[in-house]
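Listing of model-v8.txt; format and content: compact mmCIF, C-alpha atoms.
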# COMPACT_ATOMS: atom_id res chain seq x y z
CA MET E 1 -10.68 55.01 60.46
CA ALA E 2 -11.94 54.20 56.95
CA THR E 3 -9.56 52.36 54.64
CA LEU E 4 -9.59 52.42 50.89
CA SER E 5 -10.86 49.30 49.23
CA VAL E 6 -9.48 47.67 46.14
CA CYS E 7 -10.73 49.25 42.93
CA GLN E 8 -12.31 46.67 40.66
CA PRO E 9 -11.57 47.23 36.98
CA GLN E 10 -14.73 48.41 35.27
CA LEU E 11 -15.92 46.88 32.02
CA GLY E 12 -16.67 48.99 28.99
CA GLY E 13 -20.13 49.41 27.53
CA PHE E 14 -23.32 50.83 28.98
CA SER E 15 -23.27 51.92 32.58
CA PHE E 16 -26.52 51.84 34.54
CA GLU E 17 -25.23 53.86 37.49
CA ASN E 18 -27.56 56.80 37.05
CA CYS E 19 -30.80 54.96 36.26
CA LYS E 20 -32.18 55.05 39.80
CA ARG E 21 -31.22 58.70 40.21
CA ASN E 22 -32.89 59.54 36.87
CA ALA E 23 -36.08 57.74 37.90
CA VAL E 24 -36.21 59.73 41.15
CA LEU E 25 -35.55 63.02 39.30
CA GLU E 26 -38.23 62.27 36.75
CA ALA E 27 -40.78 61.56 39.48
CA GLU E 28 -39.88 64.86 41.21
CA VAL E 29 -40.12 66.86 38.00
CA THR E 30 -43.49 65.40 37.03
CA LYS E 31 -44.78 66.23 40.49
CA LEU E 32 -43.91 69.87 39.81
CA GLY E 33 -45.69 69.72 36.46
CA CYS E 34 -42.70 70.14 34.12
CA ASN E 35 -41.42 67.71 31.53
CA ILE E 36 -38.00 66.18 31.19
CA PRO E 37 -36.37 67.08 27.84
CA ALA E 38 -37.32 64.69 25.06
CA ALA E 39 -34.74 62.90 22.93
CA ARG E 40 -34.39 64.12 19.39
CA LYS E 41 -36.33 61.77 17.11
CA THR E 42 -36.56 61.51 13.40
CA GLY E 43 -40.35 61.12 13.19
CA THR E 44 -39.91 60.16 9.66
CA THR E 45 -40.85 58.72 6.36
CA ILE E 46 -38.25 56.34 4.95
CA CYS E 47 -38.79 53.81 2.21
CA GLY E 48 -37.05 51.63 -0.31
CA VAL E 49 -37.97 49.84 -3.52
CA VAL E 50 -36.19 47.23 -5.63
CA PHE E 51 -36.21 47.79 -9.39
CA LYS E 52 -34.74 45.93 -12.35
CA ASP E 53 -30.99 46.50 -11.82
CA GLY E 54 -30.82 47.74 -8.24
CA LEU E 55 -32.73 49.65 -5.64
CA VAL E 56 -33.80 53.14 -4.61
CA LEU E 57 -33.85 54.35 -0.99
CA GLY E 58 -35.71 57.50 -0.03
CA ALA E 59 -36.07 59.62 3.11
CA ASP E 60 -37.41 63.00 4.25
CA THR E 61 -35.16 65.42 6.15
CA ARG E 62 -36.98 66.58 9.29
CA ALA E 63 -35.78 65.88 12.85
CA THR E 64 -38.15 66.65 15.73
CA GLU E 65 -37.75 67.19 19.48
CA GLY E 66 -41.22 66.67 20.85
CA MET E 67 -43.39 69.18 19.00
CA ILE E 68 -40.54 71.31 17.66
CA VAL E 69 -38.60 70.83 14.45
CA ALA E 70 -35.01 70.46 15.59
CA ASP E 71 -33.33 70.09 12.20
CA LYS E 72 -34.86 71.12 8.88
CA ASN E 73 -32.30 69.33 6.75
CA CYS E 74 -30.90 66.29 8.50
CA SER E 75 -29.46 63.38 6.59
CA LYS E 76 -31.23 60.10 7.23
CA ILE E 77 -29.57 57.92 4.62
CA HIS E 78 -26.42 56.57 6.26
CA TYR E 79 -23.40 54.98 4.62
CA ILE E 80 -22.73 51.40 5.61
CA SER E 81 -20.34 50.26 2.90
CA PRO E 82 -19.65 51.31 -0.72
CA ASN E 83 -22.52 49.12 -1.95
CA ILE E 84 -24.87 49.26 1.06
CA TYR E 85 -26.80 52.21 2.48
CA CYS E 86 -29.26 52.39 5.37
CA CYS E 87 -32.12 54.78 6.18
CA GLY E 88 -32.87 55.32 9.86
CA ALA E 89 -36.05 56.24 11.76
CA GLY E 90 -36.57 56.54 15.51
CA THR E 91 -34.21 58.19 17.99
CA ALA E 92 -31.65 60.12 15.92
CA ALA E 93 -28.63 59.29 18.12
CA ASP E 94 -29.49 55.60 18.14
CA THR E 95 -29.73 55.35 14.35
CA GLU E 96 -26.49 57.35 13.91
CA MET E 97 -24.42 55.27 16.31
CA THR E 98 -25.89 51.93 15.28
CA THR E 99 -25.21 52.52 11.60
CA GLN E 100 -21.70 53.78 12.33
CA ILE E 101 -20.87 50.75 14.47
CA ILE E 102 -22.20 48.33 11.86
CA SER E 103 -20.35 50.21 9.12
CA SER E 104 -17.07 49.82 11.04
CA ASN E 105 -17.72 46.16 11.72
CA LEU E 106 -18.53 45.51 8.07
CA GLU E 107 -15.33 47.24 6.99
CA LEU E 108 -13.28 45.05 9.35
CA HIS E 109 -15.16 41.98 8.15
CA SER E 110 -14.62 42.78 4.49
CA LEU E 111 -10.91 43.40 5.10
CA SER E 112 -10.72 40.05 6.81
CA THR E 113 -12.56 38.17 4.01
CA SER E 114 -11.18 40.31 1.12
CA ARG E 115 -14.65 40.48 -0.42
CA LEU E 116 -17.30 43.09 -0.97
CA PRO E 117 -19.69 42.84 2.00
CA ARG E 118 -23.13 41.31 1.53
CA VAL E 119 -26.38 42.93 2.61
CA ALA E 120 -27.36 39.79 4.52
CA THR E 121 -24.24 40.21 6.69
CA ALA E 122 -25.18 43.78 7.60
CA ASN E 123 -28.75 42.64 8.29
CA ARG E 124 -27.60 39.84 10.59
CA MET E 125 -25.23 42.12 12.51
CA LEU E 126 -27.92 44.76 12.98
CA LYS E 127 -30.61 42.35 14.13
CA GLN E 128 -28.32 40.63 16.62
CA MET E 129 -27.27 43.93 18.15
CA LEU E 130 -30.81 45.30 18.37
CA PHE E 131 -32.12 42.09 19.90
CA ARG E 132 -29.36 42.10 22.50
CA TYR E 133 -30.65 45.46 23.77
CA GLN E 134 -34.30 44.32 23.71
CA GLY E 135 -35.69 47.35 21.89
CA HIS E 136 -34.17 49.97 24.21
CA ILE E 137 -32.13 51.18 21.25
CA GLY E 138 -34.90 52.91 19.27
CA ALA E 139 -33.67 52.42 15.72
CA ALA E 140 -36.01 51.35 12.91
CA LEU E 141 -33.97 50.89 9.75
CA VAL E 142 -34.41 50.30 6.03
CA LEU E 143 -31.27 48.57 4.79
CA GLY E 144 -30.57 48.19 1.09
CA GLY E 145 -27.66 47.33 -1.15
CA VAL E 146 -26.43 45.47 -4.19
CA ASP E 147 -23.95 42.65 -3.72
CA CYS E 148 -22.79 39.59 -5.67
CA ASN E 149 -26.28 38.04 -5.42
CA GLY E 150 -28.20 41.07 -6.71
CA PRO E 151 -30.18 43.83 -5.00
CA HIS E 152 -31.55 43.19 -1.48
CA LEU E 153 -33.85 45.29 0.70
CA TYR E 154 -34.51 44.68 4.41
CA SER E 155 -36.56 46.46 7.05
CA ILE E 156 -35.28 46.13 10.61
CA TYR E 157 -37.44 46.91 13.67
CA PRO E 158 -36.11 48.20 17.01
CA HIS E 159 -36.63 44.87 18.77
CA GLY E 160 -34.59 42.99 16.21
CA SER E 161 -37.06 41.44 13.75
CA THR E 162 -36.35 41.84 10.05
CA ASP E 163 -38.27 41.47 6.82
CA LYS E 164 -36.84 40.93 3.37
CA LEU E 165 -39.23 42.49 0.85
CA PRO E 166 -39.29 44.18 -2.58
CA TYR E 167 -40.65 47.43 -1.10
CA VAL E 168 -40.65 48.66 2.52
CA THR E 169 -41.55 51.79 4.46
CA MET E 170 -40.78 52.77 8.07
CA GLY E 171 -41.35 55.69 10.38
CA SER E 172 -44.37 57.74 11.39
CA GLY E 173 -45.22 58.47 7.74
CA SER E 174 -44.89 54.84 6.72
CA LEU E 175 -48.62 54.32 6.21
CA ALA E 176 -48.90 57.22 3.77
CA ALA E 177 -45.84 56.01 1.85
CA MET E 178 -47.02 52.41 1.85
CA ALA E 179 -50.36 53.51 0.39
CA VAL E 180 -48.51 54.96 -2.62
CA PHE E 181 -46.39 51.83 -2.97
CA GLU E 182 -49.32 49.46 -2.77
CA ASP E 183 -51.07 51.42 -5.50
CA ARG E 184 -48.26 51.79 -8.01
CA TYR E 185 -45.55 49.18 -7.38
CA LYS E 186 -44.73 46.83 -10.29
CA GLN E 187 -42.02 44.25 -10.56
CA ASP E 188 -38.91 45.05 -12.65
CA MET E 189 -39.49 48.78 -13.03
CA GLU E 190 -37.05 51.05 -14.81
CA GLU E 191 -34.80 53.34 -12.79
CA GLU E 192 -36.71 56.54 -13.59
CA ASP E 193 -40.05 54.97 -12.67
CA ALA E 194 -38.62 53.68 -9.42
CA LYS E 195 -37.20 57.11 -8.54
CA ARG E 196 -40.51 58.77 -9.29
CA LEU E 197 -42.38 56.20 -7.18
CA VAL E 198 -40.11 56.69 -4.18
CA ARG E 199 -40.28 60.48 -4.55
CA ASP E 200 -44.08 60.34 -4.54
CA ALA E 201 -44.16 57.99 -1.55
CA ILE E 202 -41.92 60.29 0.52
CA ALA E 203 -43.95 63.30 -0.61
CA ALA E 204 -47.12 61.55 0.62
CA GLY E 205 -45.41 61.08 3.99
CA ILE E 206 -44.24 64.71 4.08
CA PHE E 207 -47.64 66.21 3.34
CA ASN E 208 -49.75 63.88 5.46
CA ASP E 209 -47.60 63.33 8.55
CA LEU E 210 -46.51 66.02 10.98
CA GLY E 211 -43.33 64.17 11.89
CA SER E 212 -41.96 64.31 8.34
CA GLY E 213 -41.13 67.35 6.27
CA SER E 214 -38.62 69.47 4.33
CA ASN E 215 -36.78 67.85 1.43
CA ILE E 216 -36.69 64.45 -0.21
CA ASP E 217 -33.35 62.61 -0.34
CA LEU E 218 -32.84 59.69 -2.68
CA CYS E 219 -30.11 57.09 -2.97
CA VAL E 220 -29.98 54.94 -6.10
CA ILE E 221 -27.77 51.85 -5.77
CA THR E 222 -26.90 49.66 -8.74
CA LYS E 223 -24.05 47.26 -9.38
CA GLY E 224 -20.91 49.38 -9.32
CA ARG E 225 -22.66 52.78 -9.00
CA VAL E 226 -24.27 54.74 -6.18
CA ASP E 227 -26.11 58.05 -6.77
CA TYR E 228 -26.64 59.92 -3.52
CA LEU E 229 -29.12 62.66 -4.49
CA ARG E 230 -29.32 65.11 -1.63
CA PRO E 231 -31.60 66.95 -2.05
CA HIS E 232 -33.46 65.28 -4.83
CA ASP E 233 -36.54 67.46 -4.46
CA MET E 234 -37.20 70.50 -2.28
CA VAL E 235 -40.95 70.38 -1.80
CA ASN E 236 -41.04 72.69 1.24
CA LYS E 237 -39.06 75.81 0.36
CA LYS E 238 -39.15 78.43 3.12
CA GLY E 239 -41.39 81.34 2.24
CA VAL E 240 -42.92 79.68 -0.79
CA ARG E 241 -46.52 78.58 -0.50
CA CYS E 242 -46.64 75.04 -1.76
CA VAL E 243 -49.41 73.95 -4.10
CA TYR E 244 -49.41 70.17 -4.16
CA GLU E 245 -50.88 68.91 -7.38
CA LEU E 246 -51.98 65.34 -7.53
CA GLU E 247 -50.84 63.73 -10.72
CA ALA E 248 -53.72 62.50 -12.82
CA LEU E 249 -52.83 58.88 -13.32
CA PRO E 250 -54.45 56.71 -15.94
CA HIS E 251 -56.31 53.91 -14.20
CA GLN E 252 -55.76 50.47 -15.59
CA MET J 1 -20.87 37.94 17.50
CA ASN J 2 -23.62 35.63 18.69
CA THR J 3 -24.08 32.55 16.62
CA ARG J 4 -26.67 30.65 18.60
CA GLY J 5 -30.36 31.11 19.25
CA LEU J 6 -31.77 32.18 22.58
CA ARG J 7 -33.42 28.91 23.59
CA SER J 8 -30.14 27.23 24.32
CA GLN J 9 -29.04 30.21 26.38
CA LEU J 10 -31.49 29.50 29.17
CA LYS J 11 -30.02 26.35 30.62
CA ASP J 12 -26.42 27.40 30.11
CA SER J 13 -26.63 30.94 31.41
CA VAL J 14 -25.06 32.34 34.56
CA PRO J 15 -27.49 32.21 37.51
CA VAL J 16 -28.82 35.58 38.59
CA THR J 17 -27.97 36.82 42.08
CA GLY J 18 -29.03 40.00 43.82
CA MET J 19 -27.38 43.31 43.12
CA GLY J 20 -25.67 43.47 46.51
CA PRO J 21 -24.82 46.61 48.50
CA GLN J 22 -23.56 49.32 46.21
CA VAL J 23 -20.21 50.07 47.78
CA GLY J 24 -18.01 52.81 46.47
CA ALA J 25 -14.58 53.70 47.77
CA TYR J 26 -14.06 53.42 51.56
CA GLY J 27 -16.39 50.42 51.68
CA VAL J 28 -19.61 52.28 52.55
CA GLN J 29 -22.82 52.94 50.62
CA ASP J 30 -22.18 55.29 47.69
CA THR J 31 -25.20 57.56 48.20
CA LEU J 32 -24.40 60.01 45.44
CA ARG J 33 -24.39 57.36 42.73
CA SER J 34 -26.74 54.63 43.92
CA GLY J 35 -29.18 56.48 46.18
CA PHE J 36 -30.15 55.61 49.73
CA SER J 37 -29.66 52.00 50.68
CA SER J 38 -32.83 49.96 50.87
CA VAL J 39 -33.72 46.33 50.41
CA LYS J 40 -35.50 47.10 47.18
CA ASN J 41 -32.42 48.79 45.72
CA GLU J 42 -30.30 45.80 46.51
CA LEU J 43 -32.63 43.16 45.09
CA LEU J 44 -33.98 44.80 41.95
CA PRO J 45 -31.85 45.99 39.03
CA SER J 46 -32.13 49.68 38.17
CA HIS J 47 -32.66 48.99 34.47
CA ALA J 48 -34.18 46.11 32.54
CA LEU J 49 -30.91 45.50 30.72
CA GLU J 50 -28.61 45.67 33.73
CA LEU J 51 -28.58 41.96 34.54
CA SER J 52 -28.40 40.70 30.98
CA GLU J 53 -25.59 43.12 30.12
CA LYS J 54 -23.59 42.30 33.25
CA ASN J 55 -23.48 38.62 32.33
CA PHE J 56 -23.56 38.91 28.56
CA GLN J 57 -19.94 38.00 27.85
CA LEU J 58 -20.01 35.17 30.37
CA ASN J 59 -23.20 33.75 28.87
CA GLN J 60 -21.79 33.94 25.36
CA ASP J 61 -18.64 32.12 26.42
CA LYS J 62 -20.60 29.43 28.24
CA MET J 63 -22.82 28.87 25.23
CA ASN J 64 -19.92 28.67 22.81
CA PHE J 65 -17.95 26.30 25.01
CA SER J 66 -20.90 23.96 25.45
CA THR J 67 -21.49 23.91 21.67
CA LEU J 68 -17.82 23.16 21.11
CA ARG J 69 -17.94 20.39 23.66
CA ASN J 70 -20.95 18.81 21.95
CA ILE J 71 -19.43 19.02 18.49
CA GLN J 72 -15.75 18.33 19.00
CA GLY J 73 -15.48 16.70 22.39
CA LEU J 74 -14.17 17.82 25.74
CA HIS J 75 -10.64 18.63 24.60
CA ALA J 76 -11.69 21.65 22.50
CA PRO J 77 -13.12 23.85 25.29
CA LEU J 78 -10.41 22.65 27.67
CA LYS J 79 -7.61 23.77 25.37
CA LEU J 80 -9.30 27.09 24.67
CA GLN J 81 -9.93 27.81 28.34
CA MET J 82 -6.30 27.05 29.11
CA GLU J 83 -5.24 29.56 26.47
CA TYR J 84 -7.66 32.16 27.83
CA ARG J 85 -6.31 31.68 31.33
CA ALA J 86 -2.75 32.11 30.10
CA ALA J 87 -3.62 35.26 28.15
CA ARG J 88 -5.50 36.73 31.10
CA GLN J 89 -2.45 36.78 33.33
CA ILE J 90 -1.38 40.37 33.12
CA GLN J 91 2.30 40.91 33.71
CA ARG J 92 1.85 44.58 34.62
CA LEU J 93 1.33 46.01 38.09
CA PRO J 94 -2.31 45.74 39.13
CA PHE J 95 -3.16 49.45 39.12
CA LEU J 96 -1.84 50.00 35.57
CA GLN J 97 -4.05 49.63 32.52
CA SER J 98 -3.55 46.61 30.30
CA SER J 99 -4.74 46.46 26.72
CA HIS J 100 -5.70 42.75 26.95
CA LEU J 101 -4.40 42.39 23.40
CA ALA J 102 -3.72 38.65 23.57
CA LEU J 103 -7.11 37.92 25.14
CA ASP J 104 -8.92 40.02 22.53
CA THR J 105 -7.14 38.30 19.69
CA LEU J 106 -8.02 34.86 21.08
CA LYS J 107 -11.66 35.78 21.51
CA GLY J 108 -11.90 37.44 18.10
CA ASN J 109 -12.74 40.83 19.58
CA ASP J 110 -9.97 42.47 17.57
CA GLU J 111 -12.15 42.20 14.47
CA SER J 112 -15.29 43.82 15.81
CA ILE J 113 -16.30 47.09 17.42
CA SER J 114 -19.20 47.34 19.85
CA PHE J 115 -20.36 49.56 22.67
CA GLU J 116 -17.74 48.07 24.99
CA ASP J 117 -15.05 49.77 22.93
CA ILE J 118 -16.74 53.13 22.60
CA LEU J 119 -18.54 53.80 25.86
CA ASN J 120 -16.90 53.72 29.29
CA ASP J 121 -13.47 52.78 28.02
CA PRO J 122 -11.69 51.35 31.10
CA ALA J 123 -8.45 52.98 29.98
CA GLN J 124 -10.09 56.36 30.53
CA SER J 125 -11.95 55.76 33.78
CA GLU J 126 -11.72 58.57 36.31
CA MET J 127 -11.28 56.28 39.31
CA VAL J 128 -7.91 54.78 39.91
CA GLY J 129 -7.05 52.40 42.69
CA GLU J 130 -4.61 53.25 45.43
CA PRO J 131 -1.38 51.60 44.17
CA HIS J 132 -0.09 50.28 47.51
CA ILE J 133 -3.41 48.68 48.49
CA MET J 134 -3.83 47.07 45.07
CA VAL J 135 -0.36 45.56 45.04
CA GLU J 136 -0.83 44.24 48.57
CA TYR J 137 -4.16 42.73 47.52
CA LYS J 138 -2.61 41.05 44.53
CA LEU J 139 0.26 39.63 46.54
CA GLY J 140 -2.19 38.33 49.14
CA LEU J 141 -0.75 40.41 51.95
CA MET J 142 -4.08 42.09 52.66

As a first step, turn the structure in this file into structure tokens.
Amino acid sequence: MATLSVCQPQLGGFSFENCKRNAVLEAEVTKLGCNIPAARKTGTTICGVVFKDGLVLGADTRATEGMIVADKNCSKIHYISPNIYCCGAGTAADTEMTTQIISSNLELHSLSTSRLPRVATANRMLKQMLFRYQGHIGAALVLGGVDCNGPHLYSIYPHGSTDKLPYVTMGSGSLAAMAVFEDRYKQDMEEEDAKRLVRDAIAAGIFNDLGSGSNIDLCVITKGRVDYLRPHDMVNKKGVRCVYELEALPHQ
Amino acid sequence: MNTRGLRSQLKDSVPVTGMGPQVGAYGVQDTLRSGFSSVKNELLPSHALELSEKNFQLNQDKMNFSTLRNIQGLHAPLKLQMEYRAARQIQRLPFLQSSHLALDTLKGNDESISFEDILNDPAQSEMVGEPHIMVEYKLGLM
């Protein structure tokens, strides 16, 4: 007669119970010629630029599920703390949960230190968490904020490496956006120039990359003020044929 | 939060053993959850992260204690481990949930939130042990 065994207390966190079953199911389904459902990604263009008194973050608003647009107006600029915001590319759920967890941790940390959180703290927390999971959490982030030491901009890759730079782009449209940045970035720009530059970089991503589309969201962070402009520019209105005019720029 | 680089983790980390037979309740192979029993299933992890996640907290503790020992001497990790052991003794009956509040405060987990607090919360697990068996096990009668 079978007896019950002692139940071991389970730990919290990720459970890998179903991995073998999922692998077997996936093999069966591929044998039949179907596909397993794809995770919702934000094939994206996100970017950020540092200007004289602060920084500007920009993002498009399309979320894709394989070849289908899942969300025409999703919000990719996430709140981390009153002076720090983060754009997220990659798997939508991963970027959402990662930024929420780091936002909670930063709030607890700032309550414990009684100080406004620093961008370097958020960067360190994010990179340690992403490295712990060895890239299985597919979140590529552009983190920016203004703290007591001035404006800081970081790009964080899914495996946990980070770069601290004056202008960064991430996502599937990052090459198009970086082309615009490399052409027109100058140090110590004014706020309006910086906003126009980021808007043009995201627009380049929207028009030249299938994974990015819909509107352009901007977030302008300066010391003591955050402007969350959503939407800043609606370049893809439904039913309106868009004529994209290249601005004639004076060459220096 | 981790405060040390990875290189020092290697010689201090918990040695890796096999996965072992996946027993569920009643002490037999849990076919629904872990599939048919085979040697391969028992030796290899089902996901690349399974081993590192299983031992993550242990590895972190080992690393931190060995740093403390190198910096402050043997008394520091000894005192801390004594406090951990005292806090780990749960005064409740074994099948009831404990919040581990004292242990969390000692380890500093009360000031951070991670996946352990959000996913698979042990307080909300669907499996509960048979009370009589668990008390007998704790008292050493089994």

Selection: 9 Å around stretch 211-224 of chain E, only C-alpha atoms, excl. self and same-chain fewer than 6 positions, as a PyMOL selection string: chain E and resi 42-45+53-64+67+69+72-73+75-77+82-85+144-148+150-151+171-173+191+195+198-199+202-203+205+230-237

Write a file of the selected residues as a PDB file, in the frame of the given file, keeping C-alpha atoms.
ATOM      1  CA  THR E  42     -36.560  61.510  13.400  1.00  0.00           C
ATOM      2  CA  GLY E  43     -40.350  61.120  13.190  1.00  0.00           C
ATOM      3  CA  THR E  44     -39.910  60.160   9.660  1.00  0.00           C
ATOM      4  CA  THR E  45     -40.850  58.720   6.360  1.00  0.00           C
ATOM      5  CA  ASP E  53     -30.990  46.500 -11.820  1.00  0.00           C
ATOM      6  CA  GLY E  54     -30.820  47.740  -8.240  1.00  0.00           C
ATOM      7  CA  LEU E  55     -32.730  49.650  -5.640  1.00  0.00           C
ATOM      8  CA  VAL E  56     -33.800  53.140  -4.610  1.00  0.00           C
ATOM      9  CA  LEU E  57     -33.850  54.350  -0.990  1.00  0.00           C
ATOM     10  CA  GLY E  58     -35.710  57.500  -0.030  1.00  0.00           C
ATOM     11  CA  ALA E  59     -36.070  59.620   3.110  1.00  0.00           C
ATOM     12  CA  ASP E  60     -37.410  63.000   4.250  1.00  0.00           C
ATOM     13  CA  THR E  61     -35.160  65.420   6.150  1.00  0.00           C
ATOM     14  CA  ARG E  62     -36.980  66.580   9.290  1.00  0.00           C
ATOM     15  CA  ALA E  63     -35.780  65.880  12.850  1.00  0.00           C
ATOM     16  CA  THR E  64     -38.150  66.650  15.730  1.00  0.00           C
ATOM     17  CA  MET E  67     -43.390  69.180  19.000  1.00  0.00           C
ATOM     18  CA  VAL E  69     -38.600  70.830  14.450  1.00  0.00           C
ATOM     19  CA  LYS E  72     -34.860  71.120   8.880  1.00  0.00           C
ATOM     20  CA  ASN E  73     -32.300  69.330   6.750  1.00  0.00           C
ATOM     21  CA  SER E  75     -29.460  63.380   6.590  1.00  0.00           C
ATOM     22  CA  LYS E  76     -31.230  60.100   7.230  1.00  0.00           C
ATOM     23  CA  ILE E  77     -29.570  57.920   4.620  1.00  0.00           C
ATOM     24  CA  PRO E  82     -19.650  51.310  -0.720  1.00  0.00           C
ATOM     25  CA  ASN E  83     -22.520  49.120  -1.950  1.00  0.00           C
ATOM     26  CA  ILE E  84     -24.870  49.260   1.060  1.00  0.00           C
ATOM     27  CA  TYR E  85     -26.800  52.210   2.480  1.00  0.00           C
ATOM     28  CA  GLY E 144     -30.570  48.190   1.090  1.00  0.00           C
ATOM     29  CA  GLY E 145     -27.660  47.330  -1.150  1.00  0.00           C
ATOM     30  CA  VAL E 146     -26.430  45.470  -4.190  1.00  0.00           C
ATOM     31  CA  ASP E 147     -23.950  42.650  -3.720  1.00  0.00           C
ATOM     32  CA  CYS E 148     -22.790  39.590  -5.670  1.00  0.00           C
ATOM     33  CA  GLY E 150     -28.200  41.070  -6.710  1.00  0.00           C
ATOM     34  CA  PRO E 151     -30.180  43.830  -5.000  1.00  0.00           C
ATOM     35  CA  GLY E 171     -41.350  55.690  10.380  1.00  0.00           C
ATOM     36  CA  SER E 172     -44.370  57.740  11.390  1.00  0.00           C
ATOM     37  CA  GLY E 173     -45.220  58.470   7.740  1.00  0.00           C
ATOM     38  CA  GLU E 191     -34.800  53.340 -12.790  1.00  0.00           C
ATOM     39  CA  LYS E 195     -37.200  57.110  -8.540  1.00  0.00           C
ATOM     40  CA  VAL E 198     -40.110  56.690  -4.180  1.00  0.00           C
ATOM     41  CA  ARG E 199     -40.280  60.480  -4.550  1.00  0.00           C
ATOM     42  CA  ILE E 202     -41.920  60.290   0.520  1.00  0.00           C
ATOM     43  CA  ALA E 203     -43.950  63.300  -0.610  1.00  0.00           C
ATOM     44  CA  GLY E 205     -45.410  61.080   3.990  1.00  0.00           C
ATOM     45  CA  ARG E 230     -29.320  65.110  -1.630  1.00  0.00           C
ATOM     46  CA  PRO E 231     -31.600  66.950  -2.050  1.00  0.00           C
ATOM     47  CA  HIS E 232     -33.460  65.280  -4.830  1.00  0.00           C
ATOM     48  CA  ASP E 233     -36.540  67.460  -4.460  1.00  0.00           C
ATOM     49  CA  MET E 234     -37.200  70.500  -2.280  1.00  0.00           C
ATOM     50  CA  VAL E 235     -40.950  70.380  -1.800  1.00  0.00           C
ATOM     51  CA  ASN E 236     -41.040  72.690   1.240  1.00  0.00           C
ATOM     52  CA  LYS E 237     -39.060  75.810   0.360  1.00  0.00           C
TER      53      LYS E 237
END

Starting from chain J, keep only residues with some atom at most 6 Å from an atom of chain E, counting all atoms listed in the file, and report them as a PyMOL selection string. chain J and resi 25-26+46+111-113+115-116+119-122+129+134

Could those residues be written to a file, using C-alpha atoms, as a PDB file, in the coordinates of the input?
ATOM      1  CA  ALA J  25     -14.580  53.700  47.770  1.00  0.00           C
ATOM      2  CA  TYR J  26     -14.060  53.420  51.560  1.00  0.00           C
ATOM      3  CA  SER J  46     -32.130  49.680  38.170  1.00  0.00           C
ATOM      4  CA  GLU J 111     -12.150  42.200  14.470  1.00  0.00           C
ATOM      5  CA  SER J 112     -15.290  43.820  15.810  1.00  0.00           C
ATOM      6  CA  ILE J 113     -16.300  47.090  17.420  1.00  0.00           C
ATOM      7  CA  PHE J 115     -20.360  49.560  22.670  1.00  0.00           C
ATOM      8  CA  GLU J 116     -17.740  48.070  24.990  1.00  0.00           C
ATOM      9  CA  LEU J 119     -18.540  53.800  25.860  1.00  0.00           C
ATOM     10  CA  ASN J 120     -16.900  53.720  29.290  1.00  0.00           C
ATOM     11  CA  ASP J 121     -13.470  52.780  28.020  1.00  0.00           C
ATOM     12  CA  PRO J 122     -11.690  51.350  31.100  1.00  0.00           C
ATOM     13  CA  GLY J 129      -7.050  52.400  42.690  1.00  0.00           C
ATOM     14  CA  MET J 134      -3.830  47.070  45.070  1.00  0.00           C
TER      15      MET J 134
END

Could you pull the residues within 8 Å of stretch 94-98 of chain J, counting all atoms listed in the file, minus those fewer than 2 positions along the same chain, as a PDB file with C-alpha atoms, keeping the file's coordinate frame?
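Saved as result08.pdb:
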ATOM      1  CA  ILE J  90      -1.380  40.370  33.120  1.00  0.00           C
ATOM      2  CA  ARG J  92       1.850  44.580  34.620  1.00  0.00           C
ATOM      3  CA  HIS J 100      -5.700  42.750  26.950  1.00  0.00           C
ATOM      4  CA  PRO J 122     -11.690  51.350  31.100  1.00  0.00           C
ATOM      5  CA  ALA J 123      -8.450  52.980  29.980  1.00  0.00           C
ATOM      6  CA  VAL J 128      -7.910  54.780  39.910  1.00  0.00           C
ATOM      7  CA  GLY J 129      -7.050  52.400  42.690  1.00  0.00           C
ATOM      8  CA  GLU J 130      -4.610  53.250  45.430  1.00  0.00           C
ATOM      9  CA  PRO J 131      -1.380  51.600  44.170  1.00  0.00           C
ATOM     10  CA  MET J 134      -3.830  47.070  45.070  1.00  0.00           C
ATOM     11  CA  VAL J 135      -0.360  45.560  45.040  1.00  0.00           C
ATOM     12  CA  LYS J 138      -2.610  41.050  44.530  1.00  0.00           C
TER      13      LYS J 138
END

Measuring atom to atom with all atoms listed in the file, identify which of E:Tyr157, E:Val168, E:Ser81, E:Leu197 is nearest to E:Val226.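 The closest residue to E:Val226 is E:Ser81.
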
Hey, what's within 10 Å of E:Leu143 if we count only C-alpha atoms and toss same-chain stuff fewer than 2 positions away? As a compact mmCIF listing (two decimals) with C-alpha atoms, keeping the file's coordinate frame, please?
# COMPACT_ATOMS: atom_id res chain seq x y z
CA CYS E 47 -38.79 53.81 2.21
CA GLY E 48 -37.05 51.63 -0.31
CA LEU E 57 -33.85 54.35 -0.99
CA ILE E 77 -29.57 57.92 4.62
CA HIS E 78 -26.42 56.57 6.26
CA ILE E 80 -22.73 51.40 5.61
CA ILE E 84 -24.87 49.26 1.06
CA TYR E 85 -26.80 52.21 2.48
CA CYS E 86 -29.26 52.39 5.37
CA CYS E 87 -32.12 54.78 6.18
CA GLY E 88 -32.87 55.32 9.86
CA THR E 99 -25.21 52.52 11.60
CA VAL E 119 -26.38 42.93 2.61
CA ALA E 120 -27.36 39.79 4.52
CA ALA E 122 -25.18 43.78 7.60
CA ASN E 123 -28.75 42.64 8.29
CA LEU E 126 -27.92 44.76 12.98
CA ALA E 140 -36.01 51.35 12.91
CA LEU E 141 -33.97 50.89 9.75
CA GLY E 145 -27.66 47.33 -1.15
CA HIS E 152 -31.55 43.19 -1.48
CA LEU E 153 -33.85 45.29 0.70
CA TYR E 154 -34.51 44.68 4.41
CA SER E 155 -36.56 46.46 7.05
CA ILE E 156 -35.28 46.13 10.61
CA THR E 162 -36.35 41.84 10.05
CA LYS E 164 -36.84 40.93 3.37
CA VAL E 168 -40.65 48.66 2.52
